[in-house]
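This is my_file_18.csv. It holds CSV, C-alpha atoms.
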chain,number,residue,atom,x,y,z
A,1,MET,CA,17.2,-149.0,-63.8
A,2,ASP,CA,17.0,-150.1,-67.4
A,3,ALA,CA,14.4,-149.0,-69.9
A,4,LYS,CA,11.5,-151.3,-70.5
A,5,TRP,CA,10.0,-151.9,-73.9
A,6,HIS,CA,6.2,-152.1,-74.0
A,7,GLU,CA,3.4,-153.0,-76.3
A,8,PRO,CA,1.9,-150.1,-78.2
A,9,PHE,CA,0.7,-147.4,-75.8
A,10,VAL,CA,-3.0,-147.2,-74.9
A,11,ASP,CA,-3.4,-144.7,-72.1
A,12,PHE,CA,-1.8,-143.5,-68.9
A,13,GLY,CA,-4.1,-145.6,-66.7
A,14,HIS,CA,-5.3,-145.2,-63.2
A,15,ASP,CA,-4.2,-142.2,-61.1
A,16,ALA,CA,-4.1,-143.2,-57.4
A,17,LEU,CA,-3.7,-139.5,-56.4
A,18,MET,CA,-6.6,-138.1,-58.4
A,19,PRO,CA,-9.9,-138.3,-56.4
A,20,HIS,CA,-11.8,-136.4,-59.2
A,21,PRO,CA,-12.7,-137.9,-62.6
A,22,ILE,CA,-9.5,-138.1,-64.7
A,23,ALA,CA,-9.5,-135.8,-67.7
A,24,SER,CA,-9.8,-137.6,-71.0
A,25,LEU,CA,-6.5,-138.3,-72.8
A,26,ALA,CA,-5.9,-136.0,-75.8
A,27,ARG,CA,-4.1,-137.4,-78.8
A,28,ILE,CA,-2.6,-135.8,-81.9
A,29,GLU,CA,-0.5,-137.5,-84.5
A,30,SER,CA,1.4,-136.8,-87.8
A,31,GLU,CA,4.4,-138.1,-89.6
A,32,ARG,CA,5.4,-134.5,-90.4
A,33,THR,CA,7.0,-132.4,-87.7
A,34,ASP,CA,5.5,-129.1,-88.9
A,35,GLU,CA,2.0,-130.5,-88.9
A,36,LEU,CA,2.5,-131.9,-85.4
A,37,LYS,CA,3.6,-128.4,-84.3
A,38,SER,CA,0.5,-126.9,-85.8
A,39,LEU,CA,-1.8,-129.4,-84.0
A,40,VAL,CA,-0.1,-128.6,-80.7
A,41,SER,CA,-0.6,-124.9,-81.3
A,42,ARG,CA,-4.3,-125.4,-82.0
A,43,HIS,CA,-5.3,-128.0,-79.5
A,44,ALA,CA,-2.9,-128.1,-76.5
A,45,PRO,CA,-4.3,-126.2,-73.5
A,46,LYS,CA,-2.6,-123.5,-71.5
A,47,MET,CA,-2.9,-125.4,-68.2
A,48,PRO,CA,-0.9,-127.9,-66.1
A,49,GLY,CA,-0.7,-131.5,-67.2
A,50,VAL,CA,1.5,-134.4,-68.2
A,51,TYR,CA,2.4,-135.4,-71.7
A,52,GLY,CA,3.8,-138.4,-73.6
A,53,MET,CA,5.7,-138.8,-76.8
A,54,LEU,CA,5.1,-141.9,-78.9
A,55,ASP,CA,7.3,-143.2,-81.7
A,56,ALA,CA,6.2,-144.6,-85.1
A,57,THR,CA,5.5,-148.0,-83.5
A,58,GLY,CA,3.1,-146.5,-80.9
A,59,ARG,CA,5.4,-147.0,-78.0
A,60,LEU,CA,5.8,-144.5,-75.2
A,61,ILE,CA,9.3,-143.1,-75.4
A,62,TYR,CA,9.1,-140.0,-73.2
A,63,VAL,CA,7.0,-138.6,-70.3
A,64,GLY,CA,7.1,-135.0,-69.1
A,65,LYS,CA,5.0,-132.4,-67.2
A,66,SER,CA,4.4,-128.7,-67.4
A,67,LYS,CA,2.5,-125.8,-65.8
A,68,LEU,CA,1.5,-124.8,-69.3
A,69,LEU,CA,1.2,-127.7,-71.7
A,70,ARG,CA,1.0,-125.7,-74.9
A,71,ASN,CA,4.1,-123.6,-74.2
A,72,ARG,CA,6.1,-126.7,-73.1
A,73,LEU,CA,5.2,-128.8,-76.1
A,74,LEU,CA,5.8,-125.9,-78.6
A,75,SER,CA,9.3,-125.5,-77.1
A,76,TYR,CA,10.2,-128.8,-78.7
A,77,PHE,CA,9.7,-127.3,-82.1
A,78,MET,CA,11.7,-124.1,-81.7
A,79,PRO,CA,14.1,-123.7,-84.6
A,80,ASN,CA,16.9,-122.5,-82.4
A,81,ASN,CA,16.4,-125.1,-79.7
A,82,THR,CA,19.9,-126.1,-78.6
A,83,ASP,CA,18.7,-128.9,-76.3
A,84,GLU,CA,20.0,-132.1,-77.8
A,85,LYS,CA,17.6,-134.2,-75.8
A,86,ALA,CA,14.5,-132.2,-77.0
A,87,GLY,CA,15.7,-132.7,-80.6
A,88,ARG,CA,16.0,-136.4,-80.2
A,89,ILE,CA,12.6,-136.6,-78.7
A,90,VAL,CA,10.7,-134.6,-81.3
A,91,GLN,CA,12.5,-136.4,-84.2
A,92,SER,CA,11.4,-139.8,-82.8
A,93,ALA,CA,7.8,-138.7,-82.0
A,94,GLU,CA,4.9,-139.1,-84.4
A,95,THR,CA,2.2,-138.9,-81.7
A,96,ILE,CA,1.8,-136.7,-78.7
A,97,VAL,CA,-0.7,-137.4,-75.9
A,98,TRP,CA,-1.5,-135.3,-72.9
A,99,GLU,CA,-3.6,-135.4,-69.8
A,100,LYS,CA,-4.8,-132.2,-68.1
A,101,GLN,CA,-4.0,-131.9,-64.3
A,102,PRO,CA,-5.6,-129.4,-61.9
A,103,SER,CA,-2.3,-128.0,-60.6
A,104,ASP,CA,1.5,-128.1,-61.1
A,105,PHE,CA,1.9,-130.2,-58.0
A,106,ALA,CA,-0.7,-132.8,-59.3
A,107,ALA,CA,1.2,-132.9,-62.6
A,108,LEU,CA,4.5,-133.4,-60.7
A,109,LEU,CA,3.1,-136.4,-58.8
A,110,ARG,CA,1.5,-137.9,-62.0
A,111,GLU,CA,4.8,-137.5,-63.9
A,112,GLN,CA,6.7,-139.4,-61.2
A,113,THR,CA,4.2,-142.2,-61.2
A,114,LEU,CA,4.1,-142.5,-65.0
A,115,ILE,CA,7.9,-142.6,-65.3
A,116,ARG,CA,8.1,-145.4,-62.7
A,117,ARG,CA,5.3,-147.3,-64.4
A,118,PHE,CA,6.4,-147.1,-68.0
A,119,GLN,CA,10.1,-146.4,-67.7
A,120,PRO,CA,10.2,-144.7,-71.2
A,121,ARG,CA,13.6,-145.1,-72.8
A,122,LEU,CA,14.3,-141.4,-73.3
A,123,ASN,CA,13.6,-140.7,-69.7
A,124,VAL,CA,16.4,-143.0,-68.5
A,125,VAL,CA,18.8,-143.6,-71.4
A,126,GLY,CA,21.2,-141.1,-73.0
A,127,MET,CA,20.1,-138.2,-70.8
A,128,PRO,CA,23.2,-136.8,-69.0
A,129,LYS,CA,21.1,-134.0,-67.4
A,130,ARG,CA,18.8,-136.5,-65.7
A,131,GLN,CA,20.0,-138.3,-62.6
A,132,GLN,CA,18.7,-141.6,-61.4
A,133,GLN,CA,17.6,-141.9,-57.8
A,134,ALA,CA,19.0,-144.2,-55.1
A,135,PHE,CA,18.5,-144.9,-51.4
A,136,VAL,CA,21.3,-145.2,-48.9
A,137,CYS,CA,20.7,-148.2,-46.7
A,138,MET,CA,22.1,-149.9,-43.6
A,139,GLY,CA,21.4,-153.6,-43.6
A,140,ASN,CA,22.1,-157.1,-44.9
A,141,SER,CA,22.6,-159.2,-41.7
A,142,PRO,CA,24.4,-160.8,-40.0
A,143,ALA,CA,27.0,-158.1,-40.5
A,144,GLU,CA,25.2,-155.0,-41.6
A,145,HIS,CA,26.9,-152.3,-43.7
A,146,PHE,CA,26.1,-149.3,-45.9
A,147,TYR,CA,24.9,-149.9,-49.4
A,148,LEU,CA,22.9,-148.4,-52.2
A,149,SER,CA,19.5,-149.5,-53.5
A,150,ARG,CA,17.5,-148.2,-56.4
A,151,GLU,CA,14.2,-148.9,-54.5
A,152,PHE,CA,13.1,-148.4,-51.0
A,153,GLU,CA,14.0,-151.4,-48.8
A,154,PRO,CA,11.6,-151.9,-45.9
A,155,ASN,CA,13.6,-154.7,-44.4
A,156,ALA,CA,16.8,-152.6,-44.0
A,157,LYS,CA,17.7,-151.3,-40.5
A,158,SER,CA,17.5,-147.8,-42.1
A,159,CYS,CA,16.8,-146.7,-45.6
A,160,GLN,CA,17.2,-143.0,-46.4
A,161,GLY,CA,16.4,-141.2,-49.7
A,162,PRO,CA,15.8,-141.0,-52.5
A,163,PHE,CA,18.9,-139.0,-53.4
A,164,TYR,CA,20.3,-138.0,-56.8
A,165,GLY,CA,24.0,-138.0,-57.8
A,166,MET,CA,25.1,-141.6,-58.2
A,167,GLY,CA,28.8,-140.7,-58.3
A,168,ASN,CA,28.7,-138.9,-54.9
A,169,LEU,CA,26.5,-141.7,-53.4
A,170,HIS,CA,28.8,-144.5,-54.4
A,171,ARG,CA,31.8,-142.6,-53.0
A,172,ALA,CA,29.9,-141.7,-49.8
A,173,VAL,CA,29.0,-145.4,-49.1
A,174,GLU,CA,32.6,-146.4,-49.6
A,175,ILE,CA,33.8,-143.7,-47.2
A,176,LEU,CA,31.3,-144.5,-44.6
A,177,ASN,CA,32.0,-148.3,-44.6
A,178,ARG,CA,35.7,-147.4,-44.3
A,179,LEU,CA,35.3,-144.9,-41.5
A,180,TYR,CA,33.0,-147.0,-39.4
A,181,LEU,CA,35.1,-150.2,-40.1
A,182,LEU,CA,32.2,-152.0,-41.6
A,183,ARG,CA,32.5,-154.6,-44.4
A,184,ASP,CA,31.7,-154.0,-48.0
A,185,CYS,CA,32.1,-157.5,-49.4
A,186,SER,CA,29.6,-159.7,-51.1
A,187,GLN,CA,26.7,-161.2,-49.3
A,188,LYS,CA,28.1,-164.6,-50.3
A,189,THR,CA,31.1,-164.0,-48.1
A,190,PRO,CA,30.6,-166.1,-44.9
A,191,MET,CA,30.6,-164.0,-41.6
A,192,LEU,CA,32.4,-165.7,-38.7
A,193,LEU,CA,32.0,-163.6,-35.6
A,194,THR,CA,33.9,-164.7,-32.4
A,195,ASP,CA,30.7,-165.6,-30.5
A,196,GLN,CA,29.5,-167.8,-33.4
A,197,LEU,CA,30.0,-171.5,-33.0
A,198,GLN,CA,32.2,-173.2,-35.6
A,199,LEU,CA,32.2,-177.0,-36.3
A,200,PHE,CA,35.8,-177.1,-37.5
A,201,ASP,CA,38.7,-174.9,-36.5
A,202,VAL,CA,39.6,-173.8,-40.1
A,203,GLU,CA,42.0,-170.9,-40.7
A,204,MET,CA,40.1,-168.3,-42.7
A,205,ARG,CA,41.5,-165.8,-45.2
A,206,ALA,CA,40.1,-162.4,-45.9
A,207,GLY,CA,38.8,-161.7,-49.3
A,208,CYS,CA,40.4,-158.2,-49.3
A,209,MET,CA,43.1,-156.1,-47.7
A,210,ARG,CA,40.9,-153.8,-45.6
A,211,GLN,CA,41.6,-155.7,-42.4
A,212,GLU,CA,45.3,-155.4,-42.9
A,213,ILE,CA,45.2,-151.6,-43.5
A,214,GLY,CA,42.9,-151.1,-40.6
A,215,THR,CA,39.7,-150.0,-42.4
A,216,CYS,CA,37.5,-153.0,-41.4
A,217,ILE,CA,37.1,-155.0,-38.2
A,218,ALA,CA,36.7,-158.1,-40.5
A,219,PRO,CA,33.7,-160.1,-39.3
A,220,CYS,CA,34.8,-162.7,-41.9
A,221,LEU,CA,38.0,-163.5,-39.9
A,222,ARG,CA,36.6,-164.1,-36.4
A,223,THR,CA,38.3,-160.9,-35.2
A,224,CYS,CA,35.3,-159.3,-33.6
A,225,SER,CA,32.2,-160.3,-31.7
A,226,ARG,CA,28.6,-159.7,-32.7
A,227,GLN,CA,28.4,-157.0,-30.0
A,228,GLN,CA,31.5,-155.2,-31.2
A,229,TYR,CA,30.3,-155.2,-34.8
A,230,ALA,CA,26.8,-154.1,-33.7
A,231,ALA,CA,28.4,-151.1,-31.8
A,232,GLN,CA,30.0,-149.9,-35.1
A,233,VAL,CA,26.7,-150.4,-36.9
A,234,GLU,CA,24.9,-148.3,-34.3
A,235,LYS,CA,27.4,-145.5,-34.8
A,236,GLY,CA,26.7,-145.7,-38.6
A,237,LEU,CA,23.0,-145.6,-38.0
A,238,GLN,CA,23.4,-142.4,-35.9
A,239,PHE,CA,24.9,-140.7,-39.0
A,240,LEU,CA,22.4,-142.2,-41.4
A,241,ASN,CA,19.4,-141.1,-39.3
A,242,ALA,CA,20.9,-137.5,-39.1
A,243,MET,CA,21.4,-137.8,-35.3
A,244,SER,CA,25.2,-137.4,-35.3
A,245,THR,CA,27.9,-135.5,-37.3
A,246,GLU,CA,30.8,-136.9,-35.3
A,247,VAL,CA,32.3,-138.5,-38.4
A,248,LEU,CA,32.5,-135.1,-40.1
A,249,LEU,CA,34.7,-133.7,-37.2
A,250,ARG,CA,36.8,-136.9,-37.4
A,251,VAL,CA,37.5,-136.5,-41.1
A,252,GLU,CA,38.2,-132.8,-40.7
A,253,ALA,CA,40.7,-133.6,-37.9
A,254,LEU,CA,42.5,-136.1,-40.2
A,255,MET,CA,42.6,-133.6,-43.0
A,256,VAL,CA,44.2,-130.9,-40.7
A,257,ARG,CA,46.7,-133.4,-39.3
A,258,ALA,CA,47.7,-134.6,-42.8
A,259,ALA,CA,48.2,-131.0,-43.9
A,260,ALA,CA,50.2,-130.1,-40.8
A,261,GLY,CA,52.5,-133.1,-41.6
A,262,ARG,CA,52.9,-132.0,-45.2
A,263,HIS,CA,51.1,-135.1,-46.5
A,264,TYR,CA,49.3,-132.9,-49.0
A,265,GLU,CA,47.9,-135.7,-51.2
A,266,HIS,CA,46.4,-137.4,-48.2
A,267,ALA,CA,45.0,-134.1,-47.0
A,268,ALA,CA,43.4,-133.5,-50.4
A,269,ARG,CA,41.7,-136.9,-50.3
A,270,MET,CA,40.4,-136.1,-46.8
A,271,GLN,CA,39.1,-132.8,-48.1
A,272,GLU,CA,37.2,-134.5,-50.9
A,273,ASP,CA,35.8,-137.1,-48.4
A,274,LEU,CA,34.7,-134.3,-46.2
A,275,ARG,CA,32.9,-132.5,-49.0
A,276,ILE,CA,31.0,-135.6,-50.0
A,277,LEU,CA,30.0,-136.5,-46.4
A,278,LYS,CA,28.8,-132.9,-45.8
A,279,TRP,CA,26.8,-133.1,-49.0
A,280,LEU,CA,25.1,-136.3,-47.8
A,281,SER,CA,24.7,-135.1,-44.2
A,282,ASN,CA,22.8,-132.0,-45.4
A,283,ARG,CA,20.4,-134.1,-47.4
A,284,LEU,CA,19.9,-136.5,-44.6
A,285,ALA,CA,19.1,-133.6,-42.3
A,286,SER,CA,16.7,-132.2,-44.9
A,287,LEU,CA,14.8,-135.5,-45.0
A,288,LYS,CA,14.7,-135.7,-41.2
A,289,ARG,CA,13.2,-132.2,-41.0
A,290,ALA,CA,10.6,-133.2,-43.6
A,291,ARG,CA,9.7,-136.4,-41.7
A,292,GLU,CA,9.3,-134.4,-38.5
A,293,ASN,CA,7.5,-131.4,-39.9
A,294,TYR,CA,5.6,-132.5,-43.0
A,295,SER,CA,2.6,-134.3,-41.7
A,296,PHE,CA,-0.5,-132.4,-42.8
A,297,ALA,CA,-3.1,-131.9,-45.5
A,298,TYR,CA,-2.0,-129.8,-48.4
A,299,ALA,CA,-4.7,-128.0,-50.2
A,300,GLY,CA,-3.9,-128.1,-53.9
A,301,ARG,CA,-6.1,-125.5,-55.6
A,302,GLY,CA,-7.2,-126.7,-59.1
A,303,CYS,CA,-7.3,-124.2,-62.0
A,304,ASP,CA,-10.3,-126.2,-63.3
A,305,GLY,CA,-12.2,-126.6,-60.1
A,306,ARG,CA,-10.7,-129.9,-59.1
A,307,ASP,CA,-9.4,-128.9,-55.6
A,308,ILE,CA,-7.6,-131.7,-53.8
A,309,TRP,CA,-6.4,-132.3,-50.2
A,310,TYR,CA,-3.1,-134.3,-50.4
A,311,LEU,CA,-2.7,-136.1,-47.1
A,312,ILE,CA,1.0,-136.1,-46.3
A,313,ARG,CA,2.6,-138.1,-43.5
A,314,LYS,CA,6.3,-137.9,-42.7
A,315,GLY,CA,7.1,-136.0,-45.8
A,316,GLY,CA,5.4,-138.2,-48.4
A,317,VAL,CA,1.9,-138.2,-50.0
A,318,GLU,CA,-0.2,-141.2,-48.9
A,319,THR,CA,-3.5,-140.4,-50.4
A,320,ALA,CA,-5.7,-137.6,-51.9
A,321,ILE,CA,-9.3,-136.6,-51.4
A,322,PRO,CA,-11.5,-133.9,-52.9
A,323,ILE,CA,-11.8,-130.7,-50.9
A,324,PRO,CA,-15.4,-130.5,-49.8
A,325,LYS,CA,-17.5,-127.5,-51.0
A,326,ASN,CA,-20.5,-128.1,-48.9
A,327,ALA,CA,-21.6,-129.8,-45.7
A,328,SER,CA,-22.8,-132.9,-47.5
A,329,GLN,CA,-19.4,-133.4,-49.1
A,330,TRP,CA,-17.7,-132.9,-45.8
A,331,ARG,CA,-19.8,-135.6,-44.1
A,332,SER,CA,-19.0,-138.0,-47.0
A,333,ILE,CA,-15.2,-137.6,-46.6
A,334,ARG,CA,-15.0,-137.7,-42.8
A,335,PRO,CA,-14.8,-141.5,-42.6
A,336,GLU,CA,-11.9,-141.5,-45.0
A,337,LEU,CA,-10.1,-138.8,-43.0
A,338,SER,CA,-10.6,-140.8,-39.8
A,339,ARG,CA,-9.2,-144.0,-41.4
A,340,TRP,CA,-6.2,-142.1,-42.7
A,341,SER,CA,-5.4,-140.5,-39.4
A,342,GLN,CA,-5.5,-143.9,-37.6
A,343,SER,CA,-3.5,-145.6,-40.3
A,344,THR,CA,0.1,-146.7,-39.7
A,345,ASN,CA,1.2,-146.8,-43.3
A,346,SER,CA,1.8,-150.6,-42.9
A,347,ALA,CA,1.3,-153.1,-45.7
A,348,GLY,CA,-2.3,-153.6,-46.6
A,349,SER,CA,-3.4,-150.3,-45.2
A,350,GLY,CA,-4.6,-149.2,-48.7
A,351,TYR,CA,-2.4,-146.0,-48.7
A,352,LEU,CA,0.7,-145.3,-50.7
A,353,ARG,CA,4.1,-145.6,-49.1
A,354,HIS,CA,5.2,-142.1,-48.2
A,355,GLU,CA,8.9,-142.9,-48.9
A,356,GLU,CA,8.1,-143.0,-52.6
A,357,SER,CA,7.4,-139.3,-52.8
A,358,ILE,CA,9.3,-137.8,-49.9
A,359,GLY,CA,12.0,-136.4,-52.1
A,360,LEU,CA,9.5,-134.8,-54.5
A,361,VAL,CA,7.5,-133.3,-51.7
A,362,THR,CA,10.6,-132.0,-49.9
A,363,ALA,CA,11.9,-130.3,-53.0
A,364,TRP,CA,8.4,-128.9,-53.8
A,365,PHE,CA,8.0,-127.1,-50.5
A,366,GLN,CA,11.7,-125.9,-50.4
A,367,LYS,CA,11.1,-124.3,-53.8
A,368,ASN,CA,7.5,-123.1,-53.1
A,369,ARG,CA,7.7,-122.1,-49.4
A,370,ASP,CA,4.6,-119.9,-49.7
A,371,GLU,CA,2.6,-123.1,-50.4
A,372,LEU,CA,3.0,-124.0,-46.7
A,373,ILE,CA,0.2,-121.6,-45.8
A,374,GLN,CA,-2.1,-124.1,-47.7
A,375,THR,CA,-1.3,-126.8,-45.2
A,376,ASN,CA,-3.2,-127.7,-42.0
A,377,VAL,CA,-3.6,-130.5,-39.6
A,378,ILE,CA,-6.9,-132.2,-40.3
A,379,THR,CA,-9.0,-133.5,-37.4
A,380,GLU,CA,-12.1,-135.5,-37.7
A,381,VAL,CA,-14.4,-132.7,-36.7
A,382,PRO,CA,-13.5,-129.1,-37.6
A,383,SER,CA,-13.1,-126.8,-34.6
A,384,ARG,CA,-15.0,-123.9,-36.4
A,385,TRP,CA,-17.8,-125.8,-38.1
A,386,ALA,CA,-20.1,-122.8,-38.2
A,387,GLU,CA,-17.6,-120.6,-40.0
A,388,MET,CA,-17.1,-123.3,-42.6
A,389,GLN,CA,-20.8,-123.5,-43.2
A,390,ALA,CA,-21.0,-119.7,-43.6
A,391,SER,CA,-18.2,-119.7,-46.1
A,392,TRP,CA,-20.0,-122.4,-48.2
A,393,LYS,CA,-23.2,-120.3,-48.2
A,394,LYS,CA,-21.2,-117.3,-49.5
A,395,SER,CA,-19.3,-119.3,-52.1
A,396,PRO,CA,-21.3,-122.4,-53.0
A,397,ALA,CA,-19.3,-123.2,-56.1
A,398,VAL,CA,-15.5,-122.7,-55.9
A,399,SER,CA,-15.0,-123.1,-59.6
A,400,GLU,CA,-17.4,-120.2,-60.3
A,401,GLN,CA,-15.9,-117.8,-57.7
A,402,ARG,CA,-12.1,-117.6,-57.9
A,403,GLY,CA,-11.5,-114.4,-55.9
A,404,SER,CA,-8.7,-113.5,-53.5
A,405,GLU,CA,-9.8,-116.2,-51.0
A,406,PRO,CA,-11.8,-119.1,-52.6
A,407,ALA,CA,-14.2,-121.2,-50.7
A,408,ALA,CA,-11.9,-124.2,-50.8
A,409,GLN,CA,-9.1,-122.2,-49.2
A,410,VAL,CA,-11.5,-120.7,-46.6
A,411,ALA,CA,-12.7,-124.2,-45.8
A,412,THR,CA,-9.1,-125.5,-45.4
A,413,ALA,CA,-8.1,-122.6,-43.2
A,414,GLN,CA,-10.8,-123.7,-40.6
A,415,LEU,CA,-9.6,-127.3,-40.4
A,416,VAL,CA,-7.0,-126.6,-37.7
A,417,SER,CA,-6.7,-128.8,-34.7
Let me see the structure of the file written as structure tokens.
Amino acid sequence: MDAKWHEPFVDFGHDALMPHPIASLARIESERTDELKSLVSRHAPKMPGVYGMLDATGRLIYVGKSKLLRNRLLSYFMPNNTDEKAGRIVQSAETIVWEKQPSDFAALLREQTLIRRFQPRLNVVGMPKRQQQAFVCMGNSPAEHFYLSREFEPNAKSCQGPFYGMGNLHRAVEILNRLYLLRDCSQKTPMLLTDQLQLFDVEMRAGCMRQEIGTCIAPCLRTCSRQQYAAQVEKGLQFLNAMSTEVLLRVEALMVRAAAGRHYEHAARMQEDLRILKWLSNRLASLKRARENYSFAYAGRGCDGRDIWYLIRKGGVETAIPIPKNASQWRSIRPELSRWSQSTNSAGSGYLRHEESIGLVTAWFQKNRDELIQTNVITEVPSRWAEMQASWKKSPAVSEQRGSEPAAQVATAQLVS
């Protein structure tokens, strides 16, 4: 994904996952680095948020997020800062903008959205520590195969991700196509399956040597039927959908056999192939667990009173609604909860695609497992409505009463099917 140049920056724009009023965008600017640091120290808040760095022409060159905006922004001006990236950013910046967010999770979601929307050049270019995402797909008929895509592809037979580590991903795709005997040639290469009618009996030539060395059943040479090729595709789909690890056992057996025959170079290659396939298999299994187990409402407690329910389906955030603080607010959001529970996430449903944020959500709950206690299955009518009402009477304003168990948390705890 290449960086995009934009007209001078105006604001961050609409936030689809912020059901509360968006905090106004703060802005400080100076041509002098020391003065910019002083302005940050005086005005940046100690709370979660996203920030942007603008160059002298007013273009957005970097987007970041932090649990404590002031601390993060001041870190760019540290005299002993050895981070080369941070030095390039602060040297290019003459303006800093930030937007307060109610929680670290909200800031994380907002940062992801802003990077995808603006694609600032210092977020994607010249940053060796930052990896770009990709999806591993099975598709491209009539002879499907493994391939990588930078975006989610709804028309593929299976599209898993996003993953990070382009080197490993490219190698994994090459290994999988080889082991499952699937093609990896251009879409422009004509496919001539044996059960496909041909007007003229013309001798075809392969565009590569994979059929000769036994790593492709060559659908371009009329050497296999559609059914035979589909059987290989189905085996590949079993691995991609984290339903089979047979290929790992096969590679391990090849490695052991090569080592026993003293073909040590071949054994070393098999060992590296096995390492990469295990790496991908573990990530596919993690995504599968997220899709199976992460369908709930996550209560994000806001440090500024903006409490949010993130409605998560199959591991990804689809929409967000404010957590009700009284019976009237609960009645107002019930229709939205009902619509979401009946939605299928299809095109035109009005909800975000969960695939866009599944990697972020999975990583968040793996890192913050204690946050899972803030998740519950929401039904249209709470099973303990009387207790919810009692909690609201005791704590009418969540923002005013942040004790050990705030009203928003109590309300969430009762919404269990």
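What separates CA of Arg269 in chain A from CA of Val251 in chain A is a distance of 10.1 Å.
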Sort by chain and increasing residue number a table of all residues of range 255-317 of chain A within 12 Å of range 48-63 of chain A, each with its closest pair of atoms and their distance in Å to one decimal, counting all atoms listed in the file, and write it as JSON lines.
{"residue": "A:Arg301", "atom": "CA", "partner": "A:Pro48", "partner_atom": "CA", "distance": 12.0}
{"residue": "A:Gly302", "atom": "CA", "partner": "A:Pro48", "partner_atom": "CA", "distance": 9.5}
{"residue": "A:Cys303", "atom": "CA", "partner": "A:Pro48", "partner_atom": "CA", "distance": 8.5}
{"residue": "A:Asp304", "atom": "CA", "partner": "A:Pro48", "partner_atom": "CA", "distance": 10.0}
### Query
Between A:Cys216, A:Pro102, A:Pro142, A:Arg72, which one has atoms that come closest to Ala23 in chain A, using only C-alpha atoms?
A:Pro102
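The residue that comes closest to Glu174 in chain A, out of A:Ala320, A:Leu192, A:Leu372, A:Val136 and on the basis of all atoms listed in the file, is A:Val136.
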### Message
Please list as a PyMOL selection string every residue within 9 Å of Ala143 in chain A, counting all atoms listed in the file and excluding residues in the same chain fewer than 5 positions away.
### Response
chain A and resi 182-183+191+193+219+226+229-230+233
Write the residues you've just listed into a file as an mmCIF file, in the coordinates of the input, and include C-alpha atoms for each of them.
data_model
loop_
_atom_site.group_PDB
_atom_site.id
_atom_site.type_symbol
_atom_site.label_atom_id
_atom_site.label_comp_id
_atom_site.auth_asym_id
_atom_site.auth_seq_id
_atom_site.Cartn_x
_atom_site.Cartn_y
_atom_site.Cartn_z
ATOM 1 C CA LEU A 182 32.200 -152.000 -41.600
ATOM 2 C CA ARG A 183 32.500 -154.600 -44.400
ATOM 3 C CA MET A 191 30.600 -164.000 -41.600
ATOM 4 C CA LEU A 193 32.000 -163.600 -35.600
ATOM 5 C CA PRO A 219 33.700 -160.100 -39.300
ATOM 6 C CA ARG A 226 28.600 -159.700 -32.700
ATOM 7 C CA TYR A 229 30.300 -155.200 -34.800
ATOM 8 C CA ALA A 230 26.800 -154.100 -33.700
ATOM 9 C CA VAL A 233 26.700 -150.400 -36.900
#
### Query
For the atom pair CA of Gln101 in chain A and CA of Tyr298 in chain A, what is the interatomic distance in Å to one decimal place?
16.2 Å
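For range 168-172 of chain A, the non-local neighbours within 10 Å, defined as residues at least 4 positions apart in the same chain or in other chains and counting all atoms listed in the file, are Gln133, Ala134, Phe135, Val136, Phe146, Tyr147, Leu148, Phe163, Tyr164, Leu176, Asn177, Arg178, Glu272, Asp273, Leu274, Arg275, Ile276, Leu277, Lys278, Trp279 and Leu280 of chain A.
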Could you add whatever atoms are missing so that range 92-101 of chain A carries N, CA and C atoms, then write the result as a PDB file, in the frame of the given file?
ATOM      1  N   SER A  92      11.929-138.395 -82.920  1.00  0.00           N
ATOM      2  CA  SER A  92      11.400-139.800 -82.800  1.00  0.00           C
ATOM      3  C   SER A  92       9.930-139.856 -82.651  1.00  0.00           C
ATOM      4  N   ALA A  93       9.285-138.726 -82.339  1.00  0.00           N
ATOM      5  CA  ALA A  93       7.800-138.700 -82.000  1.00  0.00           C
ATOM      6  C   ALA A  93       6.996-138.536 -83.273  1.00  0.00           C
ATOM      7  N   GLU A  94       5.943-139.344 -83.353  1.00  0.00           N
ATOM      8  CA  GLU A  94       4.900-139.100 -84.400  1.00  0.00           C
ATOM      9  C   GLU A  94       3.549-138.922 -83.762  1.00  0.00           C
ATOM     10  N   THR A  95       3.473-139.135 -82.454  1.00  0.00           N
ATOM     11  CA  THR A  95       2.200-138.900 -81.700  1.00  0.00           C
ATOM     12  C   THR A  95       2.517-138.271 -80.394  1.00  0.00           C
ATOM     13  N   ILE A  96       1.672-137.338 -80.008  1.00  0.00           N
ATOM     14  CA  ILE A  96       1.800-136.700 -78.700  1.00  0.00           C
ATOM     15  C   ILE A  96       0.443-136.863 -77.986  1.00  0.00           C
ATOM     16  N   VAL A  97       0.511-137.283 -76.738  1.00  0.00           N
ATOM     17  CA  VAL A  97      -0.700-137.400 -75.900  1.00  0.00           C
ATOM     18  C   VAL A  97      -0.501-136.537 -74.678  1.00  0.00           C
ATOM     19  N   TRP A  98      -1.610-136.043 -74.126  1.00  0.00           N
ATOM     20  CA  TRP A  98      -1.500-135.300 -72.900  1.00  0.00           C
ATOM     21  C   TRP A  98      -2.745-135.480 -72.042  1.00  0.00           C
ATOM     22  N   GLU A  99      -2.555-135.260 -70.766  1.00  0.00           N
ATOM     23  CA  GLU A  99      -3.600-135.400 -69.800  1.00  0.00           C
ATOM     24  C   GLU A  99      -3.609-134.141 -68.915  1.00  0.00           C
ATOM     25  N   LYS A 100      -4.697-133.406 -68.862  1.00  0.00           N
ATOM     26  CA  LYS A 100      -4.800-132.200 -68.100  1.00  0.00           C
ATOM     27  C   LYS A 100      -4.777-132.525 -66.564  1.00  0.00           C
ATOM     28  N   GLN A 101      -4.063-131.712 -65.793  1.00  0.00           N
ATOM     29  CA  GLN A 101      -4.000-131.900 -64.300  1.00  0.00           C
ATOM     30  C   GLN A 101      -4.483-130.552 -63.712  1.00  0.00           C
TER      31      GLN A 101
END
